[in-house]
Each structure stands twice: as C-alpha cells, then as structure tokens.
Number of protein chains: 2
Amino acid sequence: MSRVFNFSAGPAALPEAVLTRARDEMLDWGGSGMSVMEMSHRSKAFIAVAEKAETDLRELLRIPDHYKVLFLQGGATLQFSAVALNLADPDSVVDYAVTGSWSKKALTEARRFTAANAALNMPESGSPWGPVPAVDDWALSDNAAYLHYCANETIAGIEFPFVPESGDVPIVSDMSSTLLSRPLDVARFGMIYAGAQKNIGPAGLTIVIIREDLLGRARATTPTLLDYEVMAKSGSMSNTPPTFAWYMAGLVFEWLKDNGGLEVMARRNSDKAGKLYAAIDSSQFYANPVHPDCRSWMNVPFTLADNALDAAFLTAAEDRGLCNLKGHRSVGGMRASIYNAMPEAGVEALVEFMAEFEKRHG
Amino acid sequence: MSRVFNFSAGPAALPEAVLTRARDEMLDWGGSGMSVMEMSHRSKAFIAVAEKAETDLRELLRIPDHYKVLFLQGGATLQFSAVALNLADPDSVVDYAVTGSWSKKALTEARRFTAANAALNMPESGSPWGPVPAVDDWALSDNAAYLHYCANETIAGIEFPFVPESGDVPIVSDMSSTLLSRPLDVARFGMIYAGAQKNIGPAGLTIVIIREDLLGRARATTPTLLDYEVMAKSGSMSNTPPTFAWYMAGLVFEWLKDNGGLEVMARRNSDKAGKLYAAIDSSQFYANPVHPDCRSWMNVPFTLADNALDAAFLTAAEDRGLCNLKGHRSVGGMRASIYNAMPEAGVEALVEFMAEFEKRHG
C-alpha cells in the first residue's frame, strides 16, 4: 500500500493519523467490543465522543458561549434552504454577496423562500476574478434579515479577504471549504455553516454555528429537522445523528489540537498556498486568474498554456501519486485543493512535478 | 479485543465481516492509495462503489425497473416531512395507520403540511399491543393522496403482519427496522423508506425506493434536496452524498448476497425470533405483551416479573458480553434487537443467560 497525495476538492484527503486511528478502532472502540458506528447515539460512550468533539471544536475556534454548535446532515446545500426557512419570512428581504458558483446556488435556493437580493454579483461584474469590492460599493438592502456570503468559493478558488461590515444585520457565511484553515472571530457572525468533507471529516456531516438569539425564528412550514432551535434543544439528536462522521470529525479536531491548533494551520496553509502560487506566477506556462487579494489558500485552480496538454499533465501527475488535479468542469484546467490534511511535502512534490512538466513540454 | 453481542436498536450491530473489510480498506481502497471517504463522489472509483451498491440492493429486493432507489441523508425522520411535501398538497387528505411511536411521529409531522387522518390508531384503541385490525375496520379517507404505515415499530416491537390493501392509493411505508430482514414485494408500494442504522449500514444514510410516477409532485416550497425528482434525476448526487455510509451499505448488501440473500435471512430471523419468544413464553419470569400475530422479528421487548431486578439483569448480561439490552425509556424493561447482523449464537447466548438469571432470581 502506498498512500497518494490527494488534491480532491471534496470529499478530500484526511490526515493519515486520523484514518489509522479509525482503522485501529473499527472493530472495538475503547474496549467496548463494538465499533463506534454500532453504538446507540444515546449511549454513554457515544455521548462522550460527541461532547468531546464539540468541546474541541469550540476550543479550536474559540466559539463564544452564546453560540450553539450543531452537527447536522444534508451538506451545505441543505443549509441553503434551512438558512432562509429559519432566518427569513416570506416577506423578508435578505442580501447575498455572489462571488462564484456556490454563493450563486445559495442565492437561487433562498429566492424560493424569500426576496433575496444580490447585493454583490462578482461573476457578472466585469471582474469575476476579483478583487472583491468593498462593502460600500455593494447594493445592500434596507433592513435585510441577514447578509450571506461564501467565505471560499471552492470552484473558482476565490477566498473572501475580509468579513463584511454589516451593522446590526447578522452575517451568515458558508465556510465549507475554509473553516478550520485559520483562526476566525466567530463573534462577527450570526451563523456559520460548513459541509464536513473538506477540512472537518467525511461527507454526510454538516456543522452549524449559530448565535442563540437567531434560534426560534423558523417559519411554520419548516421541516422539523431543519429547525435550528429544535436541533439546538436536542443537542443535534432529535433523531439519530450521523454518528460515525461525528466521531471522525472529533478525531480531526483532536489532530488539529495535537498539531498546534489553527494558528499553526494558518501558517502552514499560507506557506503551502504561497509556494504553489509562486510556482504558477513565476512561470509562463501556468496561470491562475484570481486577483492576488482574494486567492484561496485552499483551492488553487490553474491552467496550462496549451490545454491540449491537460490530459498528459494529469496522467503524468497520477503516475507520481499526485491525484485528482483535474479542474472543475465549469472552469477546466487544473485545481489543487490543499486543505489542512495536505502535507507540505504534497505541495512540494506538485511544484517539483509542475517544473519538470514545463521543462519537458513548455 | 473481544467483540460483544450488541442488541442495540440502532445504530446497531454490523456484520463483523463488513467491519473487517472496512478496516482493511480504510487507508487504501482497491489500490487507489486513498480511503473511500477521501474520494470525490464524482470519481470513477466512487461511482463504481455507488452503482454496485444500488445494483445489489435491487437484486436483493428484486426492485422493479419502474422504481428509483435514492441514497439520501437525514434519517427516516426527515422523510416524515419529505413524504408529505412530495406526495400531498396543503389541501390533500392523507391516511396514516398508527401502530406505535414512530408512525405517530410520522403522522404528527405530516399534519404540519397537510390534512393527515389517523385511519388506524392502535395505541388509543384499547388493544395497543395488537392484533392489527383488518383494513376493513380502518377509518380510511376518500381520495387519500397516500396511505402511510410503519412496517415495524422498533420501540414496542410490533411488526405489521400484512401489506394493507389500498386500491389505487399509493402505500408509503417506513421500513427502517425491517427492510432486508425478509423478501418483500416492492410492487405493492408507492414508496418505501428506511434509515440505514438497523439492517443497512451506519447512521447518516437513508434509503428511498419510489415508484417513478410519484416523482415530480413536490410542492413549490419543498427544499430542493428534499424533492425526490431532483434527487432521482441526479442519481442522489445533487450535492455530495454520504459517501462512506453508502460504501458501507454496499458492503452489507454484498454480505447479504454472500449469505444467501433475503430468503436465508428470513429463515434465520424467524428462527432467532422464534427461539427468543419461546424462551419468554415458556417462562413465568419473563413476559412480552405483543399479540403473537404482530410480534416483531427484529425488536423483542420483554419485562422481568420484578422490575427491581432490571439493573441486576443488565449488569449480569453485560458481564457476559450481552450488551444494550435496556428497553426504550417509554416502555421500560428490556429490548433485544436482533437484526440480520445478530448471529444465532447471540440469541442462544441470551436465551441461556435468561434461563440462568431466572433460576437464580425467579
């Protein structure tokens, strides 16, 4: 067995130490004689696993006490609906900053439930690759129920370079592909949500961090399990939660703590992304279109000077154990997703391979 | 490491062979150099895993071609909402047969979205433990959009002894704790759904089997991911599915096929349940209140003659490696859940232990 460097955008690479532990505990968790996935979610053993995961996440992100942490199902996409159902009425106005595919999808779904305004629409602005305009230049609504943005657009590789100033309007942010990549001031937000399958754990788990005063506002026709207050009151156990994914997330949180927490992650992620962008920028052969102000630390799309070479690039990369570099179908070219679990050695191997490939084909 | 006999109602025991294989493939699936949970859901490797799981499930249940199989999130409880949102309008009438806690919950959730009639209400009927009355004695509505029942009430241990005759009204059945325990005539149903964490796989996956003509009826305010047509058209990949749980379910389906399929499971399950009920019925010390016509093969609640002995029973059982026998808090006493993954040896060990405990304390 030889592990590859997996640049998948998500589901994505997990820390090898986490997978090893999950493997070792697969048939017998802590001497219980059963797998975590065979345990009742109401058992003492699983409750301990679940509570430790929440405690560690709170510690990592320094989440204030007046925020609830929910462990849900359905991915960020189900949250596109839930956010609107919980935080807006049919006659509310809500603001969305659109910086790419995911924030656009979030806007489209919100419009099924309320009046959602594109306060910013970068893809249609004439400068789709940034920089992200200052909030003063956005078309904000009066009395918006919330302001939504996507902190990191996984497909285009555009990372929001600031937290928007919004006065009293609660900020809701889809942080699926950036949460836990660096420290965060949670108190700036009304709500943060993230699908797990990038920096948190396996697909099938969704984290919601929500300020308590935003609970209890769901409209009457909200499916019960999408009502944040219901889930907060039940400790995310109104029904059976995705126990194994929750456990895996807990192992990732432990791994993050063992590795120095989010300050260390931020430094590593900045270094990794810095090396990769430097390699792209210093070459005539590779290009990344994103404005330097909003380049993602997590997802680095790049193109080859001649896209007829794409297939050869991917095959040669794969032969070196550099996997899943194919860009999203809507963008083409390549994309290297370099989440927390991607070691620096993986980025270095990629940069080295890119230089060699350029020498041979450039 | 010694594995216990785990009688948990769900999340429940999984076949040891399945866990062993998942353990062995944890860091490297099929020579890919990565775990299944690190794979893109759009990768060839995962698509192969996903398609094989569906093919095997179709084969096991002999699902006709005009039914779609969906792999969803949120558990059966989220389906309580989705069923009503997809199959009823706000001014529809729908019928529910209530035989216990879960069908009552399903009814309560449906009432948030449509006029839902309790066509049968066994818990309030004066004979809450059955037998289940014949359909002729139910208070069916005219023109119900569907008829819903729970095929096996996990808490009370009441298994529906027949498929109701409903003419043209589509039958919707929550089969969470009975699907795959025996052969099934899928063509009798409009829709079948089941949370995975009993007979299918880990929590976090929900199976829906739906007749194609019932797709495309979701009301306008249905969250996109709860719209069965959307999920059917995308092969359950409108967003990232719970890939690892899907893979685990696939391993369980393979295990079922390797063990002779559902006819063999039915025989084994009938034998296991038969032994346990016989032990209960032949004793003055143990009792099960359910009418023999509708006793569950999967969940066997029983009480001790003196409930002051409950704690001693549970401790002594645990010492023998017979775990999670405590009954649901709403019923008390004991409950042995004996799904497909519970070997006959587990039931035999339980029966032996019960006899010994009775001899000592009876």
# chains A, B, ... in the order shown; residues from 1 in each chain; ligands from 1
>>> residues_around(residues="Ile209 of chain A", least_positions_apart="6", cutoff="6 Å", atoms="only C-alpha atoms", output="PyMOL selection string")
chain A and resi 68-69+191-192
>>> select_by_dssp(residues="segment 129-348 of chain A", states="strand (DSSP E)", output="number ranges by chain")
A: 147-150, 152-153, 158-159, 171-174, 191-195, 206-211, 286-287, 299-304, 322-323, 334-337
>>> interface_residues(of="chain A", to="chain B", cutoff="6 Å", atoms="only C-alpha atoms", output="PyMOL selection string")
chain A and resi 2-4+10-13+23+26+33+37-40+73-74+81+202-204+223+242
>>> write_last_selection(atoms="C-alpha atoms", output="compact mmCIF listing (two decimals), in the first residue's frame")
# COMPACT_ATOMS: atom_id res chain seq x y z
CA SER A 2 1.28 3.44 -0.84
CA ARG A 3 -0.77 6.50 0.00
CA VAL A 4 -1.05 9.14 -2.72
CA GLY A 10 -14.02 17.28 -1.52
CA PRO A 11 -14.61 14.70 -0.31
CA ALA A 12 -10.94 15.32 0.32
CA ALA A 13 -7.85 13.88 1.92
CA ARG A 23 -8.91 1.75 11.32
CA MET A 26 -13.00 -0.08 13.73
CA GLY A 33 -16.26 -4.65 21.92
CA MET A 37 -20.85 3.05 14.26
CA GLU A 38 -22.59 0.21 16.14
CA MET A 39 -23.22 2.29 19.26
CA SER A 40 -26.54 3.80 20.19
CA GLN A 73 -26.94 16.17 7.88
CA GLY A 74 -27.58 17.21 4.30
CA SER A 81 -32.78 26.12 2.22
CA PRO A 202 -16.24 12.59 5.92
CA ALA A 203 -19.19 13.68 3.79
CA GLY A 204 -22.55 13.35 5.50
CA PRO A 223 -39.44 20.63 8.23
CA PRO A 242 -24.53 10.60 11.59
>>> residues_around(residues="Ala279 of chain B", least_positions_apart="6", cutoff="10 Å", atoms="only C-alpha atoms", output="list of chain:residue names")
B:Ala273, B:Tyr286, B:Ala287, B:Leu350, B:Val351, B:Glu352, B:Met354, B:Ala355
>>> write_last_selection(atoms="N, CA and C atoms", output="PDB file, in the first residue's frame")
ATOM      1  N   ALA B 273     -35.918 -15.123  16.242  1.00  0.00           N
ATOM      2  CA  ALA B 273     -37.045 -14.546  16.977  1.00  0.00           C
ATOM      3  C   ALA B 273     -37.860 -15.653  17.638  1.00  0.00           C
ATOM      4  N   TYR B 286     -40.428 -14.010  32.586  1.00  0.00           N
ATOM      5  CA  TYR B 286     -40.308 -13.029  31.504  1.00  0.00           C
ATOM      6  C   TYR B 286     -41.646 -12.893  30.793  1.00  0.00           C
ATOM      7  N   ALA B 287     -41.902 -11.713  30.259  1.00  0.00           N
ATOM      8  CA  ALA B 287     -43.158 -11.518  29.522  1.00  0.00           C
ATOM      9  C   ALA B 287     -42.960 -10.550  28.365  1.00  0.00           C
ATOM     10  N   LEU B 350     -28.152 -15.313  24.748  1.00  0.00           N
ATOM     11  CA  LEU B 350     -29.120 -14.533  25.521  1.00  0.00           C
ATOM     12  C   LEU B 350     -30.143 -15.451  26.196  1.00  0.00           C
ATOM     13  N   VAL B 351     -30.667 -16.384  25.424  1.00  0.00           N
ATOM     14  CA  VAL B 351     -31.671 -17.308  25.962  1.00  0.00           C
ATOM     15  C   VAL B 351     -31.090 -18.108  27.136  1.00  0.00           C
ATOM     16  N   GLU B 352     -29.867 -18.561  26.982  1.00  0.00           N
ATOM     17  CA  GLU B 352     -29.193 -19.310  28.046  1.00  0.00           C
ATOM     18  C   GLU B 352     -29.014 -18.445  29.291  1.00  0.00           C
ATOM     19  N   MET B 354     -30.777 -15.840  30.116  1.00  0.00           N
ATOM     20  CA  MET B 354     -32.091 -15.551  30.710  1.00  0.00           C
ATOM     21  C   MET B 354     -32.540 -16.705  31.608  1.00  0.00           C
ATOM     22  N   ALA B 355     -32.331 -17.923  31.140  1.00  0.00           N
ATOM     23  CA  ALA B 355     -32.717 -19.095  31.946  1.00  0.00           C
ATOM     24  C   ALA B 355     -31.920 -19.135  33.257  1.00  0.00           C
TER      25      ALA B 355
END
>>> residues_around(residues="Phe313 of chain B", least_positions_apart="5", cutoff="10 Å", atoms="only C-alpha atoms", output="PyMOL selection string")
chain B and resi 304+307-308+318-319+325-326+333-334+353-354+357-358+361
>>> write_last_selection(atoms="N, CA and C atoms", output="PDB file, in the first residue's frame")
ATOM      1  N   LEU B 304     -39.252  -8.235  33.151  1.00  0.00           N
ATOM      2  CA  LEU B 304     -38.999  -9.213  34.209  1.00  0.00           C
ATOM      3  C   LEU B 304     -40.176  -9.167  35.189  1.00  0.00           C
ATOM      4  N   ASN B 307     -39.483  -5.697  38.372  1.00  0.00           N
ATOM      5  CA  ASN B 307     -38.599  -4.748  37.695  1.00  0.00           C
ATOM      6  C   ASN B 307     -37.501  -4.195  38.608  1.00  0.00           C
ATOM      7  N   ALA B 308     -37.561  -4.536  39.890  1.00  0.00           N
ATOM      8  CA  ALA B 308     -36.439  -4.188  40.778  1.00  0.00           C
ATOM      9  C   ALA B 308     -35.187  -4.969  40.390  1.00  0.00           C
ATOM     10  N   GLU B 318     -24.343  -7.765  30.691  1.00  0.00           N
ATOM     11  CA  GLU B 318     -23.170  -7.032  30.197  1.00  0.00           C
ATOM     12  C   GLU B 318     -21.890  -7.822  30.510  1.00  0.00           C
ATOM     13  N   ASP B 319     -21.831  -8.379  31.715  1.00  0.00           N
ATOM     14  CA  ASP B 319     -20.651  -9.174  32.095  1.00  0.00           C
ATOM     15  C   ASP B 319     -20.446 -10.373  31.177  1.00  0.00           C
ATOM     16  N   LEU B 325     -29.194  -4.154  26.228  1.00  0.00           N
ATOM     17  CA  LEU B 325     -30.494  -4.819  26.349  1.00  0.00           C
ATOM     18  C   LEU B 325     -31.537  -3.961  27.056  1.00  0.00           C
ATOM     19  N   LYS B 326     -31.133  -2.773  27.490  1.00  0.00           N
ATOM     20  CA  LYS B 326     -32.087  -1.931  28.215  1.00  0.00           C
ATOM     21  C   LYS B 326     -33.215  -1.495  27.287  1.00  0.00           C
ATOM     22  N   GLY B 333     -38.232  -2.040  31.024  1.00  0.00           N
ATOM     23  CA  GLY B 333     -37.830  -3.425  30.840  1.00  0.00           C
ATOM     24  C   GLY B 333     -36.663  -3.561  29.880  1.00  0.00           C
ATOM     25  N   MET B 334     -36.692  -4.621  29.112  1.00  0.00           N
ATOM     26  CA  MET B 334     -35.594  -4.965  28.215  1.00  0.00           C
ATOM     27  C   MET B 334     -36.062  -4.895  26.765  1.00  0.00           C
ATOM     28  N   PHE B 353     -28.582 -17.222  29.052  1.00  0.00           N
ATOM     29  CA  PHE B 353     -28.388 -16.303  30.183  1.00  0.00           C
ATOM     30  C   PHE B 353     -29.715 -16.024  30.892  1.00  0.00           C
ATOM     31  N   MET B 354     -30.777 -15.840  30.116  1.00  0.00           N
ATOM     32  CA  MET B 354     -32.091 -15.551  30.710  1.00  0.00           C
ATOM     33  C   MET B 354     -32.540 -16.705  31.608  1.00  0.00           C
ATOM     34  N   PHE B 357     -30.482 -16.613  34.785  1.00  0.00           N
ATOM     35  CA  PHE B 357     -30.873 -15.485  35.642  1.00  0.00           C
ATOM     36  C   PHE B 357     -32.191 -15.804  36.349  1.00  0.00           C
ATOM     37  N   GLU B 358     -33.105 -16.413  35.607  1.00  0.00           N
ATOM     38  CA  GLU B 358     -34.390 -16.785  36.202  1.00  0.00           C
ATOM     39  C   GLU B 358     -34.192 -17.801  37.332  1.00  0.00           C
ATOM     40  N   HIS B 361     -32.846 -15.874  40.312  1.00  0.00           N
ATOM     41  CA  HIS B 361     -33.667 -14.797  40.885  1.00  0.00           C
ATOM     42  C   HIS B 361     -35.168 -15.052  40.815  1.00  0.00           C
TER      43      HIS B 361
END
>>> atom_distance(atom1="atom CA of Asp137 of chain B", atom2="atom CA of Val94 of chain B")
17.1 Å
>>> residues_around(residues="Ser166 of chain B", least_positions_apart="6", cutoff="10 Å", atoms="only C-alpha atoms", output="PyMOL selection string")
chain B and resi 135+140+144+146-147+188-189
>>> residues_around(residues="Arg58 of chain B", least_positions_apart="2", cutoff="12 Å", atoms="only C-alpha atoms", output="ChimeraX atom specification")
/B:51-56,60-70,180,183-186,207-209,250,253-254,257,261-262
>>> write_last_selection(atoms="C-alpha atoms", output="PDB file, in the first residue's frame")
ATOM      1  CA  GLU B  51     -23.631   1.798  -8.574  1.00  0.00           C
ATOM      2  CA  LYS B  52     -22.684  -1.637  -7.293  1.00  0.00           C
ATOM      3  CA  ALA B  53     -24.492  -0.881  -4.027  1.00  0.00           C
ATOM      4  CA  GLU B  54     -27.651   0.048  -5.909  1.00  0.00           C
ATOM      5  CA  THR B  55     -27.434  -2.967  -8.221  1.00  0.00           C
ATOM      6  CA  ASP B  56     -27.006  -5.330  -5.274  1.00  0.00           C
ATOM      7  CA  LEU B  60     -31.736  -8.472  -3.104  1.00  0.00           C
ATOM      8  CA  LEU B  61     -35.180  -6.867  -3.054  1.00  0.00           C
ATOM      9  CA  ARG B  62     -35.993  -7.624  -6.699  1.00  0.00           C
ATOM     10  CA  ILE B  63     -36.902  -3.982  -7.179  1.00  0.00           C
ATOM     11  CA  PRO B  64     -38.847  -3.474 -10.427  1.00  0.00           C
ATOM     12  CA  ASP B  65     -37.312  -1.170 -13.057  1.00  0.00           C
ATOM     13  CA  HIS B  66     -40.005   1.473 -12.672  1.00  0.00           C
ATOM     14  CA  TYR B  67     -38.825   2.228  -9.144  1.00  0.00           C
ATOM     15  CA  LYS B  68     -35.990   4.630  -8.354  1.00  0.00           C
ATOM     16  CA  VAL B  69     -33.611   3.959  -5.480  1.00  0.00           C
ATOM     17  CA  LEU B  70     -32.305   7.053  -3.691  1.00  0.00           C
ATOM     18  CA  LEU B 180     -33.837  -6.507   4.243  1.00  0.00           C
ATOM     19  CA  PRO B 183     -38.188 -10.820   0.985  1.00  0.00           C
ATOM     20  CA  LEU B 184     -40.612  -8.071   0.029  1.00  0.00           C
ATOM     21  CA  ASP B 185     -42.993  -7.457  -2.856  1.00  0.00           C
ATOM     22  CA  VAL B 186     -41.866  -3.915  -3.672  1.00  0.00           C
ATOM     23  CA  ILE B 207     -32.784   4.643   1.502  1.00  0.00           C
ATOM     24  CA  VAL B 208     -35.853   5.665  -0.505  1.00  0.00           C
ATOM     25  CA  ILE B 209     -37.444   3.342  -3.057  1.00  0.00           C
ATOM     26  CA  GLY B 250     -22.769  -1.641  -0.264  1.00  0.00           C
ATOM     27  CA  PHE B 253     -25.542  -5.751   0.574  1.00  0.00           C
ATOM     28  CA  GLU B 254     -22.620  -7.863  -0.626  1.00  0.00           C
ATOM     29  CA  LYS B 257     -25.797 -11.807  -1.117  1.00  0.00           C
ATOM     30  CA  GLY B 261     -29.953 -13.320   0.223  1.00  0.00           C
ATOM     31  CA  LEU B 262     -33.236 -12.447   1.867  1.00  0.00           C
TER      32      LEU B 262
END
>>> atom_distance(atom1="atom CA of Lys359 of chain A", atom2="atom CA of Ala345 of chain A")
21.1 Å
>>> atom_distance(atom1="atom CA of Leu179 of chain A", atom2="atom CA of Pro131 of chain A")
21.3 Å
>>> select_by_dssp(residues="segment 168-325 of chain A", states="helix (DSSP H, G or I)", output="number ranges by chain")
A: 186-188, 212-214, 224-226, 228-233, 243-258, 261-281, 292-294, 307-319
